[in-house]
Amino acid sequence: MFDPDLWRVLGVHWHGYVEIDRGDPWWAPRSRAELLRLPPAKVLLTPDAASDWVSEMTAAHALPVEVRLVGAQGPHGGVGILGDDGHREHDSQADHVVLSRGDSLRYDFPREGDRLHLRVEAVTARQCAVTHPREDQES
């Protein structure tokens, strides 16, 4: 059964990280352990905040290319634009379920000349070395 507050029970919040792949054949995304030793680009205290951050980053950075929507027969014939309102709304709904479970998210998408990797890592207070504001004062 879906529990929208499981993240609270688990004591989870999220650290947002951004990495850029410029096409170097030796480049690889950092591991979770490596990322958690770094200061996050964004501290996200609720599933809504984490989902909104991913949506904002996607809107700001995704290269708006046409993509096929698997299994979709919508008004655009199963075709969408990466980063458009429909894409972000669809992803936000799915993201909210994942985040409410206290899980992490990973996204990557093309930009002009490189790829942006977004990581939203679920952490507990024990795993977190950063002092955060209270939930009502999110950074």
# chains A, B, ... in the order shown; residues from 1 in each chain; ligands from 1
call {"tool": "residues_around", "arguments": {"residues": "Arg119 (chain A)", "least_positions_apart": "5", "cutoff": "8 Å", "atoms": "only C-alpha atoms", "output": "list in words"}}
result
His15, Gly16, Tyr17, Val18, Ser104, Leu105, Arg106 and Tyr107 of chain A
call {"tool": "residues_around", "arguments": {"residues": "region 23-33 of chain A", "least_positions_apart": "4", "cutoff": "9 Å", "atoms": "only C-alpha atoms", "output": "list in words"}}
result
Glu19, Arg37, Gly113, Asp114, Arg115, His117 and Glu121 of chain A
call {"tool": "write_last_selection", "arguments": {"atoms": "N, CA, C and O atoms", "output": "mmCIF file, in the first residue's frame"}}
result
data_model
loop_
_atom_site.group_PDB
_atom_site.id
_atom_site.type_symbol
_atom_site.label_atom_id
_atom_site.label_comp_id
_atom_site.auth_asym_id
_atom_site.auth_seq_id
_atom_site.Cartn_x
_atom_site.Cartn_y
_atom_site.Cartn_z
ATOM 1 N N GLU A 19 25.981 17.046 -12.189
ATOM 2 C CA GLU A 19 27.244 16.687 -12.837
ATOM 3 C C GLU A 19 27.071 16.882 -14.339
ATOM 4 O O GLU A 19 25.971 16.702 -14.863
ATOM 5 N N ARG A 37 29.943 12.970 0.144
ATOM 6 C CA ARG A 37 31.058 13.674 0.794
ATOM 7 C C ARG A 37 31.175 15.115 0.308
ATOM 8 O O ARG A 37 31.921 15.908 0.876
ATOM 9 N N GLY A 113 25.618 20.436 -26.528
ATOM 10 C CA GLY A 113 27.037 20.133 -26.421
ATOM 11 C C GLY A 113 27.467 19.267 -25.255
ATOM 12 O O GLY A 113 28.645 18.934 -25.144
ATOM 13 N N ASP A 114 26.565 18.881 -24.339
ATOM 14 C CA ASP A 114 26.935 18.000 -23.232
ATOM 15 C C ASP A 114 25.688 17.332 -22.669
ATOM 16 O O ASP A 114 24.609 17.454 -23.238
ATOM 17 N N ARG A 115 25.849 16.598 -21.571
ATOM 18 C CA ARG A 115 24.715 15.968 -20.880
ATOM 19 C C ARG A 115 24.742 16.406 -19.418
ATOM 20 O O ARG A 115 25.802 16.439 -18.789
ATOM 21 N N HIS A 117 23.590 15.580 -15.637
ATOM 22 C CA HIS A 117 23.173 14.489 -14.759
ATOM 23 C C HIS A 117 22.666 15.104 -13.460
ATOM 24 O O HIS A 117 23.405 15.841 -12.794
ATOM 25 N N GLU A 121 19.662 12.506 -4.011
ATOM 26 C CA GLU A 121 20.042 11.403 -3.127
ATOM 27 C C GLU A 121 19.313 11.503 -1.790
ATOM 28 O O GLU A 121 19.424 12.500 -1.077
#
call {"tool": "closest_residue", "arguments": {"among": "A:Ala41, A:Leu36, A:Met57, A:Met1", "to": "Phe109 (chain A)", "atoms": "only C-alpha atoms"}}
result
A:Met57
call {"tool": "residues_around", "arguments": {"residues": "Asp103 (chain A)", "least_positions_apart": "6", "cutoff": "10 Å", "atoms": "only C-alpha atoms", "output": "PyMOL selection string"}}
result
chain A and resi 6-7+12-14+47+95-97+120-123
call {"tool": "closest_residue", "arguments": {"among": "A:Leu38, A:Leu44, A:Leu63, A:Leu10", "to": "Leu116 (chain A)", "atoms": "only C-alpha atoms"}}
result
A:Leu63
call {"tool": "select_by_dssp", "arguments": {"residues": "chain A", "states": "alpha helix (DSSP H)", "output": "ChimeraX atom specification"}}
result
/A:6-10,32-36,47-61,85-100
call {"tool": "residues_around", "arguments": {"residues": "Ala59 (chain A)", "least_positions_apart": "2", "cutoff": "10 Å", "atoms": "only C-alpha atoms", "output": "list in words"}}
result
Trp53, Val54, Ser55, Glu56, Met57, His61, Ala62, Leu63, Pro64, Leu82, Gly83, Asp84, Asp85, His87 and Arg88 of chain A
call {"tool": "atom_distance", "arguments": {"atom1": "CA of Ser100 (chain A)", "atom2": "CA of Asp5 (chain A)"}}
result
6.1 Å
call {"tool": "residues_around", "arguments": {"residues": "Gly11 (chain A)", "least_positions_apart": "3", "cutoff": "8 Å", "atoms": "only C-alpha atoms", "output": "ChimeraX atom specification"}}
result
/A:7-8,124-125
call {"tool": "closest_residue", "arguments": {"among": "A:Asp91, A:Asp108, A:Val79, A:Gly86", "to": "Ile20 (chain A)", "atoms": "only C-alpha atoms"}}
result
A:Asp108
call {"tool": "select_by_dssp", "arguments": {"residues": "region 18-54 of chain A", "states": "strand (DSSP E)", "output": "PyMOL selection string"}}
result
chain A and resi 18-21+42-44
call {"tool": "closest_residue", "arguments": {"among": "A:Phe2, A:Arg101, A:Ser92, A:Cys128", "to": "Ala50 (chain A)", "atoms": "only C-alpha atoms"}}
result
A:Ser92
